>>> print(open('coords_32.cif').read())   # mmCIF, C-alpha atoms
data_input
#
loop_
_atom_site.label_atom_id
_atom_site.label_comp_id
_atom_site.auth_asym_id
_atom_site.auth_seq_id
_atom_site.Cartn_x
_atom_site.Cartn_y
_atom_site.Cartn_z
CA MET A 617 165.53 84.75 114.38
CA HIS A 618 162.20 83.94 112.75
CA ASN A 619 161.56 80.42 111.45
CA LEU A 620 160.63 80.13 107.78
CA THR A 621 157.07 78.96 107.28
CA ILE A 622 156.04 76.79 104.34
CA ALA A 623 154.46 79.87 102.77
CA ASN A 624 157.71 81.81 103.17
CA ILE A 625 159.76 79.01 101.58
CA ASP A 626 157.30 78.70 98.69
CA TRP A 627 157.38 82.48 98.16
CA CYS A 628 161.20 82.48 98.12
CA LEU A 629 161.52 79.51 95.76
CA GLN A 630 159.03 80.84 93.24
CA MET A 631 160.88 84.13 93.05
CA GLU A 632 164.03 82.41 91.83
CA SER A 633 163.03 81.88 88.19
CA GLY A 634 161.59 83.97 85.39
CA LYS A 635 160.41 87.57 85.30
CA LYS A 636 158.52 88.16 88.46
CA ARG A 637 155.99 90.60 89.87
CA LEU A 638 156.53 90.71 93.63
CA ALA A 639 154.81 92.67 96.37
CA VAL A 640 155.00 93.41 100.07
CA LEU A 641 151.81 94.85 101.58
CA VAL A 642 151.82 96.29 105.11
CA GLY A 643 148.74 97.46 107.03
CA CYS A 644 149.01 98.79 110.60
CA ASN A 645 145.84 99.60 112.56
CA TYR A 646 147.54 99.71 116.01
CA PRO A 647 144.58 98.02 117.76
CA ASN A 648 143.88 98.79 121.41
CA THR A 649 146.21 101.81 121.45
CA SER A 650 145.50 105.53 121.63
CA TYR A 651 146.69 105.77 118.02
CA GLU A 652 144.32 103.13 116.62
CA LEU A 653 143.34 103.42 112.97
CA HIS A 654 140.61 101.45 111.20
CA GLY A 655 141.15 101.32 107.45
CA CYS A 656 144.78 100.34 106.95
CA ILE A 657 144.33 96.57 106.77
CA ASN A 658 141.36 97.06 104.45
CA ASP A 659 143.63 99.17 102.22
CA VAL A 660 146.19 96.43 101.69
CA LEU A 661 143.58 93.70 101.28
CA ALA A 662 141.97 95.77 98.51
CA MET A 663 145.37 96.31 96.87
CA HIS A 664 146.08 92.58 97.11
CA ASP A 665 142.97 91.91 95.04
CA ALA A 666 143.89 94.63 92.53
CA LEU A 667 147.42 93.26 92.08
CA VAL A 668 146.10 89.77 91.39
CA ASN A 669 143.10 90.69 89.24
CA CYS A 670 144.43 93.70 87.34
CA PHE A 671 148.23 93.54 87.33
CA GLY A 672 149.01 89.86 86.93
CA PHE A 673 150.61 89.22 90.32
CA ASP A 674 150.70 85.62 91.51
CA PRO A 675 149.12 85.51 95.00
CA THR A 676 152.08 83.45 96.21
CA HIS A 677 154.37 86.33 95.23
CA ILE A 678 152.58 88.74 97.58
CA LYS A 679 153.61 89.02 101.23
CA LEU A 680 151.02 90.48 103.58
CA LEU A 681 151.98 91.85 106.99
CA THR A 682 149.23 93.20 109.25
CA ASP A 683 148.64 93.65 112.97
CA ALA A 684 145.26 91.93 112.81
CA SER A 685 144.54 89.40 115.55
CA GLY A 686 146.04 86.06 114.59
CA SER A 687 148.34 87.49 111.91
CA LEU A 688 151.18 85.11 111.06
CA GLU A 689 153.79 87.88 110.86
CA GLU A 690 153.38 91.24 112.56
CA PRO A 691 154.49 94.42 110.79
CA THR A 692 157.31 95.28 113.17
CA GLY A 693 160.15 97.41 111.89
CA ALA A 694 162.45 94.39 111.71
CA ASN A 695 159.89 92.21 109.91
CA ILE A 696 159.06 94.88 107.34
CA LYS A 697 162.73 95.50 106.50
CA LYS A 698 163.50 91.77 106.46
CA THR A 699 160.65 91.07 104.03
CA LEU A 700 161.60 93.98 101.76
CA ASN A 701 165.23 92.90 101.75
CA GLU A 702 164.28 89.31 100.91
CA MET A 703 162.28 90.60 97.95
CA VAL A 704 165.18 92.71 96.69
CA ASP A 705 167.72 89.91 97.26
CA ARG A 706 165.79 87.61 94.92
CA ALA A 707 164.95 90.15 92.24
CA ALA A 708 166.50 90.06 88.77
CA SER A 709 166.49 92.35 85.76
CA GLY A 710 162.98 92.83 84.39
CA ASP A 711 161.20 92.14 87.68
CA VAL A 712 158.55 94.49 89.05
CA LEU A 713 158.58 95.09 92.82
CA TYR A 714 155.81 96.82 94.76
CA PHE A 715 155.57 97.95 98.38
CA HIS A 716 152.30 99.30 99.80
CA TYR A 717 152.27 100.77 103.29
CA SER A 718 149.15 101.99 105.07
CA GLY A 719 149.60 103.23 108.61
CA HIS A 720 151.01 106.06 110.67
CA GLY A 721 153.86 108.28 109.57
CA THR A 722 155.90 110.86 111.45
CA ARG A 723 158.60 113.51 111.05
CA ILE A 724 161.86 113.53 112.96
CA PRO A 725 164.41 116.36 113.29
CA SER A 726 166.99 116.08 110.53
CA LEU A 727 170.66 115.33 111.20
CA LYS A 728 171.63 116.42 107.70
CA PRO A 729 174.08 119.36 107.58
CA GLY A 730 172.77 122.69 106.39
CA TYR A 731 169.14 121.92 107.27
CA PRO A 732 168.66 123.10 110.87
CA PHE A 733 164.86 123.39 110.53
CA ARG A 734 164.31 120.42 108.25
CA HIS A 735 162.62 117.16 109.17
CA ASP A 736 163.10 113.66 107.81
CA GLU A 737 160.21 111.35 107.05
CA ALA A 738 159.52 107.94 108.57
CA ILE A 739 156.83 105.29 108.76
CA VAL A 740 155.73 103.90 112.14
CA PRO A 741 155.58 100.08 112.31
CA CYS A 742 153.42 98.47 114.98
CA ASP A 743 156.35 98.35 117.45
CA PHE A 744 157.38 102.01 116.82
CA ASN A 745 160.74 100.92 115.35
CA LEU A 746 160.83 103.75 112.82
CA ILE A 747 161.80 103.09 109.19
CA THR A 748 163.18 106.29 107.69
CA ASP A 749 163.74 107.79 104.26
CA MET A 750 167.39 106.74 104.58
CA ASP A 751 166.39 103.08 104.89
CA PHE A 752 164.31 103.29 101.73
CA ARG A 753 167.18 105.02 99.90
CA GLN A 754 169.51 102.17 100.83
CA LEU A 755 166.89 99.64 99.69
CA VAL A 756 166.57 101.33 96.30
CA ASN A 757 170.36 101.49 95.97
CA ARG A 758 170.49 97.69 96.38
CA LEU A 759 168.15 96.99 93.46
CA PRO A 760 169.69 94.99 90.61
CA GLU A 761 169.89 96.86 87.32
CA GLY A 762 166.66 96.66 85.34
CA VAL A 763 164.41 96.11 88.36
CA SER A 764 161.46 98.44 88.98
CA PHE A 765 160.52 99.32 92.58
CA THR A 766 157.27 101.17 93.25
CA MET A 767 156.35 102.29 96.75
CA LEU A 768 152.93 103.62 97.70
CA SER A 769 152.78 105.07 101.20
CA ASP A 770 149.38 106.03 102.56
CA SER A 771 150.70 107.73 105.68
CA CYS A 772 151.20 111.22 107.04
CA HIS A 773 154.31 113.16 106.00
CA SER A 774 154.99 110.57 103.29
CA GLY A 775 156.32 113.00 100.67
CA GLY A 776 160.04 112.34 100.25
CA LEU A 777 160.10 108.91 101.91
CA ILE A 778 162.77 107.75 99.45
CA ASP A 779 165.66 110.07 100.28
CA LYS A 780 167.11 112.00 97.32
CA GLU A 781 164.45 110.76 94.86
CA LYS A 782 163.53 113.42 92.30
CA GLU A 783 160.27 115.27 92.88
CA GLN A 784 157.90 115.11 89.90
CA ILE A 785 154.63 116.16 91.53
CA GLY A 786 155.23 117.94 94.81
CA PRO A 787 154.14 120.70 97.18
CA SER A 788 150.97 122.45 96.10
CA SER A 789 149.46 125.77 97.05
CA VAL A 790 145.91 124.48 96.77
CA SER A 791 143.62 126.27 99.24
CA LYS A 792 142.42 124.39 102.29
CA THR A 793 139.16 122.48 102.13
CA GLU A 794 136.80 121.12 104.74
CA LYS A 795 136.91 117.38 105.30
CA SER A 796 134.60 115.02 107.10
CA LEU A 797 134.77 114.83 110.87
CA LEU A 798 134.96 111.07 110.42
CA ALA A 799 138.52 111.41 109.07
CA GLN A 800 141.47 110.74 111.38
CA PRO A 801 145.02 111.84 110.49
CA LYS A 802 147.48 108.96 110.05
CA THR A 803 150.23 110.58 112.09
CA ILE A 804 151.87 110.10 115.47
CA PRO A 805 153.69 113.27 116.56
CA PHE A 806 157.42 112.96 117.14
CA GLN A 807 157.06 113.90 120.81
CA ALA A 808 154.48 111.14 121.35
CA ILE A 809 156.84 108.56 119.85
CA LEU A 810 159.67 109.88 122.00
CA ASN A 811 157.49 109.65 125.12
CA HIS A 812 156.46 106.09 124.29
CA LEU A 813 160.04 104.92 123.70
CA SER A 814 161.22 106.71 126.86
CA SER A 815 158.64 104.80 128.90
CA VAL A 816 159.94 101.53 127.42
CA THR A 817 163.66 102.17 127.89
CA GLY A 818 163.51 104.18 131.12
CA ILE A 819 166.32 106.37 129.80
CA ASN A 820 166.10 110.10 130.48
CA THR A 821 167.12 111.62 127.15
CA SER A 822 165.42 113.47 124.31
CA ASP A 823 167.63 111.72 121.74
CA ILE A 824 165.27 109.33 119.98
CA GLY A 825 168.18 107.44 118.48
CA THR A 826 169.32 106.38 121.94
CA HIS A 827 165.92 104.90 122.68
CA LEU A 828 165.63 103.12 119.33
CA LEU A 829 169.11 101.61 119.61
CA GLU A 830 168.43 100.50 123.18
CA SER A 831 165.11 98.92 122.18
CA PHE A 832 165.93 97.44 118.77
CA GLY A 833 169.73 97.29 118.41
CA ILE A 834 170.83 96.31 114.91
CA ASP A 835 167.18 96.32 113.78
CA ALA A 836 166.97 100.11 114.30
CA SER A 837 167.02 102.45 111.31
CA LEU A 838 170.31 103.16 109.55
CA ARG A 839 169.73 106.78 110.39
CA PHE A 840 170.44 106.05 114.05
CA ARG A 841 173.02 103.26 113.65
CA LEU A 842 175.52 104.79 111.22
CA PRO A 843 177.94 107.62 111.99
CA LYS A 844 176.97 110.91 110.35
CA GLN A 845 179.87 110.65 107.89
CA GLU A 846 178.59 107.33 106.61
CA LEU A 847 175.03 108.66 106.36
CA ASP A 848 176.30 111.57 104.26
CA SER A 849 178.02 109.08 101.94
CA ILE A 850 174.79 107.25 101.03
CA LYS A 851 174.23 108.64 97.55
CA LYS A 852 171.53 108.15 94.97
CA ILE A 853 173.17 105.52 92.75
CA HIS A 854 170.14 104.19 90.86
CA PRO A 855 168.46 107.29 89.40
CA ASP A 856 165.82 105.28 87.54
CA ALA A 857 164.95 102.58 90.07
CA GLY A 858 162.79 104.08 92.82
CA ILE A 859 159.21 105.29 92.39
CA LEU A 860 157.32 106.79 95.32
CA LEU A 861 153.61 107.62 95.30
CA SER A 862 152.95 109.40 98.59
CA GLY A 863 149.56 110.02 100.13
CA CYS A 864 150.43 113.63 100.91
CA GLN A 865 153.19 116.20 101.01
CA ALA A 866 155.91 115.99 103.66
CA ASN A 867 154.21 118.69 105.73
CA GLU A 868 150.70 117.24 105.43
CA THR A 869 148.63 114.48 106.98
CA SER A 870 146.83 111.61 105.25
CA ALA A 871 143.33 110.66 106.32
CA ASP A 872 141.96 107.39 107.69
CA MET A 873 138.21 107.26 107.07
CA SER A 874 135.67 105.50 109.25
CA PRO A 875 132.24 105.66 107.56
CA SER A 876 129.29 106.37 109.82
CA ALA A 877 127.75 103.54 111.78
CA GLY A 878 125.04 101.61 110.00
CA GLY A 879 126.53 102.12 106.54
CA ASP A 880 127.81 99.30 104.37
CA ARG A 881 131.18 100.88 103.65
CA LYS A 882 134.37 99.69 105.30
CA ALA A 883 136.95 101.99 106.84
CA TYR A 884 139.73 103.00 104.43
CA GLY A 885 142.68 105.28 103.87
CA ALA A 886 141.71 108.24 101.72
CA PHE A 887 144.69 107.95 99.35
CA SER A 888 144.55 104.16 99.03
CA ASN A 889 140.83 104.43 98.27
CA ALA A 890 141.42 107.17 95.68
CA VAL A 891 144.00 105.00 93.91
CA GLN A 892 141.55 102.08 93.92
CA MET A 893 138.95 104.34 92.32
CA VAL A 894 141.45 105.47 89.67
CA LEU A 895 142.37 101.88 88.80
CA LYS A 896 138.74 100.73 88.61
CA GLU A 897 137.66 103.65 86.44
CA ASN A 898 140.59 103.32 84.03
CA LEU A 899 141.09 99.73 82.93
CA GLY A 900 144.00 100.48 80.56
CA ALA A 901 147.57 101.35 81.47
CA LEU A 902 148.10 104.64 83.31
CA SER A 903 151.38 106.40 83.88
CA ASN A 904 152.61 106.99 87.42
CA LYS A 905 152.02 110.69 86.89
CA GLN A 906 148.43 110.06 85.75
CA VAL A 907 147.66 107.89 88.79
CA VAL A 908 148.85 110.60 91.19
CA MET A 909 147.11 113.47 89.39
CA MET A 910 143.84 111.55 89.15
CA ALA A 911 144.04 110.60 92.83
CA ARG A 912 144.62 114.27 93.68
CA LYS A 913 141.52 115.21 91.73
CA ILE A 914 139.40 112.62 93.55
CA LEU A 915 140.64 113.69 96.98
CA LYS A 916 139.95 117.34 96.19
CA ALA A 917 136.40 116.49 95.07
CA GLN A 918 135.89 114.53 98.29
CA GLY A 919 137.01 117.50 100.36
CA PHE A 920 140.35 116.19 101.64
CA ASP A 921 143.15 118.62 102.34
CA GLN A 922 145.99 116.35 101.28
CA HIS A 923 147.95 116.36 98.04
CA PRO A 924 149.55 113.12 96.82
CA CYS A 925 153.04 113.44 95.37
CA LEU A 926 155.27 111.56 92.95
CA TYR A 927 159.01 111.08 93.30
CA CYS A 928 160.96 109.28 90.59
CA SER A 929 163.07 109.81 87.48
CA ASP A 930 161.68 111.68 84.48
CA GLN A 931 161.44 108.40 82.60
CA ASN A 932 159.49 106.66 85.34
CA ALA A 933 157.09 109.56 85.74
CA ASP A 934 155.74 108.68 82.29
CA ALA A 935 156.14 104.92 82.66
CA SER A 936 152.98 102.91 83.27
CA PHE A 937 152.06 102.18 86.89
CA LEU A 938 153.55 98.77 87.80
CA LEU A 939 154.64 98.55 84.15
CA GLN A 940 151.17 97.49 83.06
CA SER A 941 151.23 96.84 79.32
CA ILE A 942 147.54 97.07 78.44
#
>>> encode(input="coords_32.cif", output="structure tokens")
Amino acid sequence: MHNLTIANIDWCLQMESGKKRLAVLVGCNYPNTSYELHGCINDVLAMHDALVNCFGFDPTHIKLLTDASGSLEEPTGANIKKTLNEMVDRAASGDVLYFHYSGHGTRIPSLKPGYPFRHDEAIVPCDFNLITDMDFRQLVNRLPEGVSFTMLSDSCHSGGLIDKEKEQIGPSSVSKTEKSLLAQPKTIPFQAILNHLSSVTGINTSDIGTHLLESFGIDASLRFRLPKQELDSIKKIHPDAGILLSGCQANETSADMSPSAGGDRKAYGAFSNAVQMVLKENLGALSNKQVVMMARKILKAQGFDQHPCLYCSDQNADASFLLQSI
């Protein structure tokens, strides 16, 4: 059990009244590991500034979780889900919720019937306690009526991270392009995650669910805790609530950029950076569809072989990003 800090209490109390704009920002760089990235914390710090300066978010309504040295709250799987659930628990009709994740993603073999070759999508928190598309579906299903939830995931295999959300901008047949050698894919292969968890648990099995349940118990993903019959029963019950802007298609990787030494540019995620460029170049309201298409155009011009996607209802595809009014 984590003790509430003064900042946490203040954040919770201020969310209780009025129409609110609330955000959870998660940046995972995985320092001192073989999967270290460099731009993810920079991504969420830049988005923090954009939310405050361009979208009217109160800084006290923004929760920041990073694995930087000295961070007050690490972005473990349990902490990320706890913080998201706290935000949803306190939301009321008319509120705007935003979740930005920058870090590794992965694909895991699907347990869904009729899809023997399909994979499910997941993000990889700093402790490897995977958060899957099923967890995000359940989160969206819990939203009170009239609440908007936008998720931007700058991670590999992020297309489809909200299970059963309608695809608006999806897989593309754009030809491959050459990208900078300074780009690193934001993915950890499934086998590498399995190997890591096996070394932690000491259990000789290829069933990743066994390792996650042994390591994290009730904090493991719903996908591994619930019987298959209950998983199948999790339906899409809020067709207009969830909005996902993904950094790439489900079968693609997203890039983490480390500019050459001696330059004045910071490391960044390619998709997060493209969205920042879109927002800076277009000061008025943009639809979710416009943000994704403009980000695609920027990434193509920069030579990246990744194609951002949009998953949401028809109405939300044309709604303004974060319901910006001007």
>>> closest_atom_pairs(input="coords_32.cif", of="range 719-813 of chain A", to="range 866-890 of chain A", cutoff="9 Å", atoms="all atoms listed in the file", output="tab-separated table")
residue	atom	partner	partner_atom	distance
A:Gly719	CA	A:Gly885	CA	8.6
A:His720	CA	A:Ser870	CA	8.8
A:Gly721	CA	A:Thr869	CA	8.5
A:Arg723	CA	A:Ala866	CA	8.2
A:His735	CA	A:Ala866	CA	8.8
A:Asp736	CA	A:Ala866	CA	8.6
A:Glu737	CA	A:Ala866	CA	7.2
A:Leu768	CA	A:Ser888	CA	8.5
A:Ser769	CA	A:Ser888	CA	8.6
A:Asp770	CA	A:Phe887	CA	6.0
A:Ser771	CA	A:Ser870	CA	5.5
A:Cys772	CA	A:Thr869	CA	4.2
A:His773	CA	A:Ala866	CA	4.0
A:Ser774	CA	A:Ala866	CA	5.5
A:Gly775	CA	A:Ala866	CA	4.2
A:Gly776	CA	A:Ala866	CA	6.5
A:Leu777	CA	A:Ala866	CA	8.4
A:Pro787	CA	A:Ala866	CA	8.2
A:Ser796	CA	A:Met873	CA	8.6
A:Leu798	CA	A:Ser874	CA	5.7
A:Ala799	CA	A:Met873	CA	4.6
A:Gln800	CA	A:Asp872	CA	5.0
A:Pro801	CA	A:Ala871	CA	4.7
A:Lys802	CA	A:Ser870	CA	5.5
A:Thr803	CA	A:Thr869	CA	6.6
>>> resolve_selection(input="coords_32.cif", expression="the PyMOL selection byres ((chain A and resi 709) around 10)", output="ChimeraX atom specification")
/A:634-636,707-708,710-712,759-764
>>> atom_distance(input="coords_32.cif", atom1="CA of Arg753 in chain A", atom2="CA of Phe671 in chain A")
25.5 Å
>>> closest_residue(input="coords_32.cif", among="A:Ala639, A:Asn645, A:Lys698, A:Ala911", to="Gly672 in chain A", atoms="all atoms listed in the file")
A:Ala639
>>> closest_residue(input="coords_32.cif", among="A:Lys679, A:Arg706, A:Lys782, A:Arg841", to="Arg758 in chain A", atoms="only C-alpha atoms")
A:Arg706
>>> closest_atom_pairs(input="coords_32.cif", of="range 643-678 of chain A", to="range 809-818 of chain A", cutoff="12 Å", atoms="only C-alpha atoms", output="tab-separated table")
residue	atom	partner	partner_atom	distance
A:Thr649	CA	A:His812	CA	11.5
A:Ser650	CA	A:His812	CA	11.3
A:Tyr651	CA	A:Ile809	CA	10.7
>>> resolve_selection(input="coords_32.cif", expression="the PyMOL selection byres ((chain A and resi 823-836) around 12)", output="VMD selection string")
chain A and resid 617 692 to 698 723 to 727 741 743 to 748 750 to 751 806 to 822 837 to 843
>>> resolve_selection(input="coords_32.cif", expression="the PyMOL selection byres ((chain A and resi 906) around 12)", output="list in words")
Gln784, Ile785, Leu861, Val891, Val894, Leu895, Asn898, Gly900, Ala901, Leu902, Ser903, Asn904, Lys905, Val907, Val908, Met909, Met910, Ala911, Arg912, Lys913, Pro924, Cys925, Leu926, Asn932, Ala933, Asp934, Ala935, Ser936 and Phe937 of chain A
>>> write_last_selection(input="coords_32.cif", atoms="C-alpha atoms", output="tab-separated table (two decimals), in the frame of the given file")
chain	number	residue	atom	x	y	z
A	784	GLN	CA	157.90	115.11	89.90
A	785	ILE	CA	154.63	116.16	91.53
A	861	LEU	CA	153.61	107.62	95.30
A	891	VAL	CA	144.00	105.00	93.91
A	894	VAL	CA	141.45	105.47	89.67
A	895	LEU	CA	142.37	101.88	88.80
A	898	ASN	CA	140.59	103.32	84.03
A	900	GLY	CA	144.00	100.48	80.56
A	901	ALA	CA	147.57	101.35	81.47
A	902	LEU	CA	148.10	104.64	83.31
A	903	SER	CA	151.38	106.40	83.88
A	904	ASN	CA	152.61	106.99	87.42
A	905	LYS	CA	152.02	110.69	86.89
A	907	VAL	CA	147.66	107.89	88.79
A	908	VAL	CA	148.85	110.60	91.19
A	909	MET	CA	147.11	113.47	89.39
A	910	MET	CA	143.84	111.55	89.15
A	911	ALA	CA	144.04	110.60	92.83
A	912	ARG	CA	144.62	114.27	93.68
A	913	LYS	CA	141.52	115.21	91.73
A	924	PRO	CA	149.55	113.12	96.82
A	925	CYS	CA	153.04	113.44	95.37
A	926	LEU	CA	155.27	111.56	92.95
A	932	ASN	CA	159.49	106.66	85.34
A	933	ALA	CA	157.09	109.56	85.74
A	934	ASP	CA	155.74	108.68	82.29
A	935	ALA	CA	156.14	104.92	82.66
A	936	SER	CA	152.98	102.91	83.27
A	937	PHE	CA	152.06	102.18	86.89
>>> atom_distance(input="coords_32.cif", atom1="CA of Ile657 in chain A", atom2="CA of Gly686 in chain A")
13.2 Å
>>> axis_aligned_box(input="coords_32.cif", around="range 862-874 of chain A", padding_each_side="4 Å", output="lines of an AutoDock Vina configuration file")
center_x = 145.8
center_y = 112.1
center_z = 103.9
size_x = 28.2
size_y = 21.2
size_z = 18.7
>>> residues_near_point(input="coords_32.cif", point="(154.5, 98.6, 100.8)", cutoff="7 Å", atoms="all atoms listed in the file", output="list in words")
Val640, Leu641, Val642, Tyr714, Phe715, His716, Tyr717, Met767, Leu768 and Ser769 of chain A
>>> closest_residue(input="coords_32.cif", among="A:Ile778, A:Leu688, A:Ile678, A:Leu860", to="Asp749 in chain A", atoms="all atoms listed in the file")
A:Ile778
>>> atom_distance(input="coords_32.cif", atom1="CA of Gln754 in chain A", atom2="CA of Asp705 in chain A")
12.9 Å
>>> closest_residue(input="coords_32.cif", among="A:Leu653, A:Leu661, A:Ala917, A:Cys928", to="Glu781 in chain A", atoms="all atoms listed in the file")
A:Cys928
>>> closest_residue(input="coords_32.cif", among="A:Val660, A:Leu899, A:Gln865, A:Ile804", to="Ser941 in chain A", atoms="only C-alpha atoms")
A:Leu899
